[in-house]
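Asker: Structure incoming, see below.
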Amino acid sequence: MFSTDTYRQRRAALRKAVGSGVLLFLGNDELGMNYEDNTYDYRQDSSFLYFFGQPYAGLNAIIDIDNDREIIFGDELSIDHIVWMGNQPTLHEKAALAGITETLPAADLKPYLDKVVAGGRKVHYLPTYRGDNKIKLFNLLGVKPGTEQPSEEFIRAVINLRNHKTDEEIAEIEKACDVTADMHITAMKMLREGMREYEIAAAVEAVARSRGCRLSFPTIATVNGQTLHNHAYHNIVKPGDMLLLDAGAETPEGYAGDMSSTICAGKKYTRHQKDVYDIQVAAHRAAVAALRPGVPFVDVYELAARTIVEGLTDLGVMRGNPYDAVAAGAHAMFFPTGLGHMMGMDVHDMESLGEVFVGYDGKPKSTQFGRKSLRLARPLEPGFVLTIEPGVYFIPELIDYWGANRHLGDFINYDRLDAWRDFSGVRNEEDYLITADGARRLGKKIPLTTEEVEALR
Ligand code: GLY
Ligand code: MN
C-alpha cells in the first residue's frame, strides 16, 4: 500500500469533486471457477484499491459526503477462516492503513443505504462489470441487473483523478514495465523453431511470477499475430514464422505494464517480414515523436495510420492519397485496432467506467470500422500513461470479406494483396508517460527494430 495520506488525499479530492450524496464502492468478491471454493485468482476492483487500498474480498465501502463519514463494511475473520486461511490483521487495522477509522459489519450496509434513500439523498455508484456485483446492487438498492444508472458525476470524478498519475504511481507503473520488458527479452532470447507457443507463454509468465507480480492480462503468444487477441497456444513455431507476444506484469500494488513484440522464429527476419516490420516501426516512431500535452491522441492515431498507408503503398498493396485513404477508413484493412489506451491499475485503464469518458472526455466515438476501436482520442495531458501499439495485420477473412466487392478499391490494391494473405501480423508496443513538454518511455527498453531483435536471437 501507499502511505495513509495518499488514500486520504484521493478521497478528499473525490468528495470535493462530487460535492454531495453518498458514494458507494462495491468491492470484488471471490469467484468460483468450477465450484465455490476453487476460485479464480482474486483481484480487487481497481477503484476500490485506489481509494481504500484493501486487496481483500468481501468488502464494500461508502463515502457519505454530507455527513463526513467514510466507512468500510465487512466482517472480521471467524475462527473457521483463521483455521483455513491463517490469521490476519483485523479489518479495523487494515482499514486504518488507508486512514479509515470506521468499519461496520457487512450486514449494516443495506440499512445504511435504506436510510440515505429514505432521506431523499443520492447514492452514487459506478458501472458494474461482474455479475455478482450486479446482484449486490439489486439487493442493496433494488436496481435490476441491466438497468443500472451509474452516476456520471462519480464516474467523471474518479476518471479525472485516476487519469493523472502521481509520481508514486508512475514509479509503480515503471516497476511493472521493467518486469514486462524482461518478459519480452526472455522470449526473444529463448524462442526456437519447433517450440510450442505455450512454452514461450509459460516462460514469460514465470518471469512475472518470479518477480512477485501477476499478469496484467492473459498472455498473447501466437504465430497467428493477425488474430488480435489470440489466447490459444498450441501451435508449433515453424521456420519462417514470427511469434507475436503481447504480455505484461502487474505489481502487487495493482499497477500494469503492457508491451508487445514480434519475434522471428529463426535468427533473422525474412525480406518480406522486414518490409512490413519496418512499416510498423515507422508508424510507432512517428506516433512516439508526436506525443506531447495538448495533442489530441486521435491525431497521433491518424499520423500512425497514414504512415502505415504510405508504407503499404510502397509495398504495392495500397494506393491513392494517404489522407483520403485514412479518412475513408481504408487503413483499417491492415490496422483495424486503435493506436493505444490509457494504462494504470487496469491494463486498459478504467475501461469498466466507460471508454467514452476515459478516452473521449464524454464526446461521441466514431462508428467507422477500425476507428471505432480507438480507445483513446482526447487531447493528451501531463500525467497520462498510455500505450503505443500500432500494428500491420493481414487478416485473410477480412481480405475476403472486403475483397468480395472490392470495398475501398480506390485505396486497396486487391490484385497485389492476395500474395500477402498468409503473412500474419506485426505489432510492437511500448508504454509512455506524458510529461510537461513531451513523453517519456516507461521501463526498460525492449528491442524494437528487426536489427535489435536479431541481436538477441
Ligand atoms: N495488451 C492487450 C491489449 O492492449 O489489448
Ligand atoms: Mn495494449
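Residues are named by chain letter and number: chains run A, B, ... in the order of the C-alpha cells, numbers start at 1 in each chain, and ligands are numbered from 1 in the order shown.
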Excluding same-chain residues fewer than 2 positions from range 198-211 of chain A, what lies within 6 Å of it counting only C-alpha atoms, as a PyMOL selection string?

Answerer: chain A and resi 183+196+213-214+221+233+249

Asker: For the contact check between chain A and ligand 2, emit one row per residue of chain A within 10 Å, containing the shortest atom pair and the distance in Å rounded to one decimal, counting only C-alpha atoms and all ligand atoms, chain then rising number order, as CSV.

Answerer:
residue,atom,partner,partner_atom_place_in_ligand_line,distance
A:Phe217,CA,ligand 2,1 (Mn),9.5
A:Asp246,CA,ligand 2,1 (Mn),7.7
A:Ala247,CA,ligand 2,1 (Mn),8.6
A:Gly248,CA,ligand 2,1 (Mn),8.9
A:Gly257,CA,ligand 2,1 (Mn),8.7
A:Asp258,CA,ligand 2,1 (Mn),5.4
A:Met259,CA,ligand 2,1 (Mn),6.5
A:Ser260,CA,ligand 2,1 (Mn),7.6
A:Gly338,CA,ligand 2,1 (Mn),9.5
A:Leu339,CA,ligand 2,1 (Mn),8.8
A:Gly340,CA,ligand 2,1 (Mn),6.1
A:His341,CA,ligand 2,1 (Mn),6.5
A:Met342,CA,ligand 2,1 (Mn),8.7
A:Met343,CA,ligand 2,1 (Mn),8.1
A:Val347,CA,ligand 2,1 (Mn),7.1
A:His348,CA,ligand 2,1 (Mn),7.1
A:Leu386,CA,ligand 2,1 (Mn),8.5
A:Thr387,CA,ligand 2,1 (Mn),5.8
A:Ile388,CA,ligand 2,1 (Mn),7.5
A:Glu389,CA,ligand 2,1 (Mn),6.5
A:Pro390,CA,ligand 2,1 (Mn),9.7
A:Asn428,CA,ligand 2,1 (Mn),9.6
A:Glu429,CA,ligand 2,1 (Mn),6.9
A:Glu430,CA,ligand 2,1 (Mn),8.3
A:Asp431,CA,ligand 2,1 (Mn),8.5

Asker: Record the distance separating CA of Arg457 in chain A and CA of Met188 in chain A, expressed in Å with one decimal.

Answerer: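 Straight-line distance from CA of Arg457 in chain A to CA of Met188 in chain A works out to 6.5 Å.
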
Asker: List the spatial neighbours of range 308-323 of chain A as a list of chain:residue names - criterion: any atom at most 8 Å away, only C-alpha atoms, same-chain residues fewer than 4 positions off excluded.

Answerer: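 Here the answer would be A:Asp275, A:Val276, A:Ile279, A:Gln280, A:Ala282, A:Ala283, A:Ala304, A:Ala327, A:His331, A:Val392, A:Asp410, A:Phe411, A:Ile412, A:Asn413, A:Tyr414, A:Arg416, A:Leu417.
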
Asker: Rank A:Ser20, A:Thr367, A:Thr180, A:Ser47 by their smallest atom-to-atom distance to ligand 1, using only C-alpha atoms and all ligand atoms, and report the top residue only.

Answerer: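 Checking each of A:Ser20, A:Thr367, A:Thr180, A:Ser47 against ligand 1, counting only C-alpha atoms and all ligand atoms, the winner is A:Thr180.
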
Asker: Give the answer as one residue: which of A:Asp346, A:Asp361, A:Glu452, A:Asp422 has the shortest atom-to-atom distance to ligand 1, using only C-alpha atoms and all ligand atoms?

Answerer: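 Smallest separation from ligand 1 among the options: A:Asp346.
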
Asker: What does the structure give for the distance between CA of Glu355 in chain A and CA of Leu303 in chain A, in Å to one decimal?

Answerer: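 Here the two named atoms are 21.5 Å from each other.
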
Asker: Pick from A:Asp80, A:Ala330, A:Lys372, A:Pro396: nearest to Leu408 in chain A, with only C-alpha atoms counted?

Answerer: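 The shortest atom-to-atom distance to Leu408 in chain A comes from A:Ala330.
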
Asker: Please list as number ranges by chain every residue within 9 Å of His231 in chain A, counting only C-alpha atoms and excluding residues in the same chain fewer than 3 positions away.

Answerer: A: 218-222

Asker: Let's have the selection written as a PDB file, in the first residue's frame, with N, CA and C atoms.

Answerer:
ATOM      1  N   PRO A 218      -4.415 -11.737 -19.925  1.00  0.00           N
ATOM      2  CA  PRO A 218      -3.995 -13.045 -20.447  1.00  0.00           C
ATOM      3  C   PRO A 218      -2.988 -12.877 -21.591  1.00  0.00           C
ATOM      4  N   THR A 219      -1.907 -13.620 -21.495  1.00  0.00           N
ATOM      5  CA  THR A 219      -0.815 -13.519 -22.475  1.00  0.00           C
ATOM      6  C   THR A 219      -1.286 -13.893 -23.881  1.00  0.00           C
ATOM      7  N   ILE A 220      -0.793 -13.129 -24.845  1.00  0.00           N
ATOM      8  CA  ILE A 220      -0.961 -13.496 -26.256  1.00  0.00           C
ATOM      9  C   ILE A 220       0.424 -13.933 -26.735  1.00  0.00           C
ATOM     10  N   ALA A 221       0.553 -15.179 -27.178  1.00  0.00           N
ATOM     11  CA  ALA A 221       1.833 -15.683 -27.703  1.00  0.00           C
ATOM     12  C   ALA A 221       1.465 -16.559 -28.881  1.00  0.00           C
ATOM     13  N   THR A 222       1.575 -16.001 -30.079  1.00  0.00           N
ATOM     14  CA  THR A 222       0.949 -16.686 -31.203  1.00  0.00           C
ATOM     15  C   THR A 222       1.714 -16.499 -32.515  1.00  0.00           C
TER      16      THR A 222
END

Asker: According to DSSP computed on the backbone, where in range 281-359 of chain A is there alpha helix (DSSP H)? Give the residues as a compact mmCIF listing (two decimals) with C-alpha atoms, in the first residue's frame.

Answerer:
# COMPACT_ATOMS: atom_id res chain seq x y z
CA VAL A 281 8.34 0.68 -36.69
CA ALA A 282 7.97 3.84 -38.80
CA ALA A 283 4.39 4.24 -37.56
CA HIS A 284 5.48 3.53 -33.99
CA ARG A 285 8.26 6.10 -34.11
CA ALA A 286 6.10 8.75 -35.78
CA ALA A 287 3.49 8.29 -33.05
CA VAL A 288 6.02 8.49 -30.22
CA ALA A 289 7.58 11.64 -31.67
CA PHE A 297 -4.48 11.35 -29.48
CA VAL A 298 -6.79 10.87 -32.46
CA ASP A 299 -4.31 13.00 -34.44
CA VAL A 300 -1.49 10.71 -33.37
CA TYR A 301 -3.59 7.74 -34.46
CA GLU A 302 -4.16 9.33 -37.87
CA LEU A 303 -0.45 10.03 -38.22
CA ALA A 304 0.34 6.38 -37.47
CA ALA A 305 -2.38 5.25 -39.88
CA ARG A 306 -1.03 7.48 -42.67
CA THR A 307 2.49 6.19 -42.07
CA ILE A 308 1.20 2.65 -42.46
CA VAL A 309 -0.69 3.59 -45.64
CA GLU A 310 2.45 5.19 -47.09
CA GLY A 311 4.49 2.09 -46.32
CA LEU A 312 1.89 -0.24 -47.77
CA THR A 313 1.66 1.96 -50.86
CA ASP A 314 5.41 1.48 -51.39
CA LEU A 315 4.78 -2.25 -50.93
CA PRO A 322 -2.87 8.64 -47.72
CA TYR A 323 -5.01 11.40 -46.11
CA ASP A 324 -8.02 10.34 -48.22
CA ALA A 325 -7.33 6.65 -47.54
CA VAL A 326 -7.33 7.24 -43.77
CA ALA A 327 -10.44 9.46 -43.93
CA ALA A 328 -12.24 6.69 -45.82
CA GLU A 355 -14.20 4.36 -22.76
CA VAL A 356 -16.13 7.44 -23.84
CA PHE A 357 -15.39 9.14 -20.50
CA VAL A 358 -11.83 7.84 -20.09
CA GLY A 359 -10.58 8.31 -23.63

Asker: With only C-alpha atoms as the counted atoms, please give the residues lying no more than 7 Å from Leu126 in chain A, apart from itself and same-chain residues fewer than 3 positions off, as a list in words.

Answerer: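 Final neighbour list, sorted by chain and number: Pro150, Ser151, Phe154, Ile155 and Leu353 of chain A.
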
Asker: I need the residues from that last selection saved to file as a PDB file, in the first residue's frame (with C-alpha atoms), if you can.

Answerer:
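Once written, selection24.pdb looks like this:
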ATOM      1  CA  PRO A 150     -24.296   4.778 -12.712  1.00  0.00           C
ATOM      2  CA  SER A 151     -23.558   8.317 -11.598  1.00  0.00           C
ATOM      3  CA  PHE A 154     -18.929   9.983  -9.797  1.00  0.00           C
ATOM      4  CA  ILE A 155     -17.508   8.388 -12.957  1.00  0.00           C
ATOM      5  CA  LEU A 353     -16.018   3.130 -16.269  1.00  0.00           C
TER       6      LEU A 353
END

Asker: Mind checking which residues fall within 8 Å of Ala332 in chain A, counting only C-alpha atoms, ignoring those fewer than 5 positions away in the same chain, and posting them as a list in words?

Answerer: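 The residues satisfying every condition are Thr337, Phe369, Gly370 and Arg371 of chain A.
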
Asker: Using N, CA, C and O atoms, can you write the selected residues to a file as a short mmCIF file (atom, residue, chain, number, x, y, z; two decimals), in the first residue's frame?

Answerer:
data_model
loop_
_atom_site.label_atom_id
_atom_site.label_comp_id
_atom_site.auth_asym_id
_atom_site.auth_seq_id
_atom_site.Cartn_x
_atom_site.Cartn_y
_atom_site.Cartn_z
N THR A 337 -7.14 -1.84 -35.33
CA THR A 337 -7.18 -1.56 -33.89
C THR A 337 -6.99 -0.07 -33.64
O THR A 337 -6.71 0.69 -34.57
N PHE A 369 -15.43 1.35 -39.01
CA PHE A 369 -14.63 0.15 -38.74
C PHE A 369 -13.16 0.57 -38.57
O PHE A 369 -12.61 1.30 -39.38
N GLY A 370 -12.52 0.08 -37.54
CA GLY A 370 -11.13 0.46 -37.27
C GLY A 370 -11.10 1.61 -36.29
O GLY A 370 -10.73 1.46 -35.12
N ARG A 371 -11.57 2.76 -36.75
CA ARG A 371 -11.55 3.96 -35.90
C ARG A 371 -12.40 3.77 -34.64
O ARG A 371 -12.11 4.34 -33.59
#

Asker: What parts of range 136-366 of chain A does DSSP call strand (DSSP E)? I'd like the answer as a count of residues only.

Answerer: 19

Asker: Using CA of Gln368 in chain A and CA of Pro336 in chain A as the two end points, give the distance in Å to one decimal.

Answerer: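 CA of Gln368 in chain A sits 10.1 Å away from CA of Pro336 in chain A.
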